[in-house]
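**Q** Quick one: the structure is below, and I'll ask about it shortly.
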Amino acid sequence: MTSTRSRLFLILAFLYLTVPLLANETVVEDAITITTTPAHRMDENNKRRGPWWKDRHEEKRALAEQGNWELVFLGDSITHGWERNGQTTWDKYYGDRKAINLGFGGDRTEHVLWRLDHGEFDGYKPRVAVIMIGTNNTGHDMHPPEAIAAGIQKIVATIQKKSPDTKILLLGIFPRGATTDDPKRVNNDKTNDIISTMADEKRIFFLNINDEFLTQDGVLTKEIMPDLLHPKEKGYAIWAEAIEPTLARLYNMK
């Protein structure tokens, strides 16, 4: 009887320990399917601006068709913001570099993949593509870091397939939330740890400039990002200055 009870206890203990692991694996696998499957936002309708995502995509695709772009910034609203809070800094650093901004507010990795598949990266082969994406995968669905990284990896692979000689400057996802223990900041930081391993220092280069936005104890202030997510003008100046040495090197690399 004792032996039977012992075996039963071991079986139950095994199930207790492994079932959560299997459940977590399923969650990650399901999230990876989402983050790596191209998806559009054509049906979204902003009450003030109409179907803005569709309109912006068509605008950017038309610009892509003009060709001759040498520098691409690809991302979400933080990149989109170069056309708003960051415009002055953009003009200063990138105005003479034949640069195109492919940032779309609210985009996640799956939306960037769809845009890459539908003309926004066709007709030109830039010297450098700057990628910073993933915070909305955290913010909207708290996708696990492994899934966000998988989406970013597919974006990188897609660009490499379309333009093998383009240097990719992969930026760590920017900090969000006031403190280091903010769950969304932690999720982004864990994602950054994974995507940093994608760098091969030949075609893919990883750069984490997050400390430039933070105080010495890791606090993100509203002076830099008023909503603790999107940079104000000062934040864009910090961004451009922080990546410029690396960007200039890659821009001129054979």
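Residue numbers start at 1 in each chain; chains themselves are named A, B, ... in the order of the structure tokens; ligands are numbered from 1 in the order shown.
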Residues near A:Glu58, anyone? I mean within 9 Å using only C-alpha atoms, not counting same-chain ones fewer than 5 positions away, as a PyMOL selection string.

**A** chain A and resi 53+63+120

**Q** Can you list, as a count of residues only, every protein, DNA or RNA residue that comes within 12 Å of A:Ile78 when you count only C-alpha atoms, leaving out same-chain residues fewer than 3 positions away?

**A** 38

**Q** Can you tell me, as a ChimeraX atom specification, what residues are no more than 8 Å from A:Leu250 when counting only C-alpha atoms, ignoring any on the same chain fewer than 5 positions away?

**A** /A:127-128,167

**Q** Go through A:Pro183, A:Pro164, A:Gly172, A:Pro145 and flag the residue nearest A:Ser196, using only C-alpha atoms for the distances.

**A** A:Gly172

**Q** Do a neighbour search on stretch 109-111 of chain A at 9 Å with only C-alpha atoms, toss out local chain neighbours closer than 6 positions, and write the hits as a list of chain:residue names.

**A**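 Surrounding residues, per the criterion: A:Ile34, A:Thr35, A:Thr36, A:Thr37, A:Pro38, A:Ala39, A:His40, A:Arg41, A:Gly75, A:Asp76, A:Ile133, A:Gly134, A:Asn136, A:Asn137, A:Ile148, A:Gly151, A:Ile152, A:Lys154, A:Ile155.
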
**Q** Can I get the selected residues back with C-alpha atoms, as a short mmCIF file (atom, residue, chain, number, x, y, z; two decimals), in the first residue's frame?

**A**
data_model
loop_
_atom_site.label_atom_id
_atom_site.label_comp_id
_atom_site.auth_asym_id
_atom_site.auth_seq_id
_atom_site.Cartn_x
_atom_site.Cartn_y
_atom_site.Cartn_z
CA ILE A 34 0.89 35.77 -33.87
CA THR A 35 4.12 37.77 -33.82
CA THR A 36 5.53 36.09 -36.93
CA THR A 37 2.39 36.01 -39.09
CA PRO A 38 2.02 39.14 -41.25
CA ALA A 39 -1.15 41.05 -40.41
CA HIS A 40 -2.55 44.36 -41.64
CA ARG A 41 -4.60 47.03 -39.90
CA GLY A 75 9.07 50.67 -36.28
CA ASP A 76 5.98 51.80 -34.39
CA ILE A 133 9.90 47.39 -32.73
CA GLY A 134 8.17 45.25 -30.14
CA ASN A 136 3.33 47.20 -28.58
CA ASN A 137 3.56 43.42 -28.47
CA ILE A 148 8.54 39.15 -29.60
CA GLY A 151 8.85 38.41 -34.70
CA ILE A 152 11.88 40.68 -34.77
CA LYS A 154 11.62 37.37 -38.98
CA ILE A 155 11.68 41.11 -39.75
#

**Q** Near A:Thr166, within 12 Å and counting only C-alpha atoms, which residues show up once chain neighbours fewer than 2 positions away are dropped, as a count of residues only?

**A** 32

**Q** Separation of atom CA of A:Asp96 and atom CA of A:Thr246, in Å?

**A**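 Pair atom CA of A:Asp96 / atom CA of A:Thr246 returns 17.3 Å.
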
**Q** Quick check for you: according to DSSP on this backbone, which residues of stretch 43-156 of chain A are classed as strand (DSSP E)? Reply as a CSV table (one decimal) with C-alpha atoms, in the first residue's frame.

**A**
chain,number,residue,atom,x,y,z
A,71,LEU,CA,18.5,55.0,-44.8
A,72,VAL,CA,15.3,53.5,-43.4
A,73,PHE,CA,13.8,53.8,-39.9
A,74,LEU,CA,11.3,51.0,-39.3
A,75,GLY,CA,9.1,50.7,-36.3
A,99,ALA,CA,16.1,58.8,-45.3
A,100,ILE,CA,12.6,57.4,-45.2
A,101,ASN,CA,10.5,56.9,-42.0
A,102,LEU,CA,8.5,53.7,-42.0
A,103,GLY,CA,7.2,54.0,-38.4
A,128,VAL,CA,21.3,51.0,-43.4
A,129,ALA,CA,17.9,49.9,-41.9
A,130,VAL,CA,17.3,51.0,-38.3
A,131,ILE,CA,14.8,48.7,-36.6
A,132,MET,CA,13.1,49.3,-33.2

**Q** Running DSSP on the backbone, which parts of stretch 51-243 of chain A land in helix (DSSP H, G or I), as a count of residues only?

**A** 95

**Q** Name all residues at most 12 Å from A:Ala178 (count only C-alpha atoms; drop same-chain ones fewer than 5 positions away) and give them as a PyMOL selection string.

**A** chain A and resi 183-186+213-215+217-229

**Q** Quick one: distance from atom CA of A:Asp165 to atom CA of A:Tyr94 in Å, one decimal?

**A**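 Atom-to-atom, atom CA of A:Asp165 to atom CA of A:Tyr94, that is 20.3 Å.
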
**Q** Which of these residues is nearest to A:Leu113, using only C-alpha atoms: A:Val28, A:Ile238, A:Ala248, A:Ala150?

**A**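 For A:Leu113, the nearest of the given residues is A:Ala150.
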
**Q** Pick out the closest residue to A:Pro245 from this set: A:Thr138, A:His118, A:Glu59, A:Leu207. Count only C-alpha atoms.

**A**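 Nearest candidate to A:Pro245 out of A:Thr138, A:His118, A:Glu59, A:Leu207: A:Leu207.
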
**Q** Which is closer to A:Lys190 than all the others in A:Leu170, A:Ala64, A:Ala240, A:Ala149, using only C-alpha atoms?

**A**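 For A:Lys190, the nearest of the given residues is A:Ala149.
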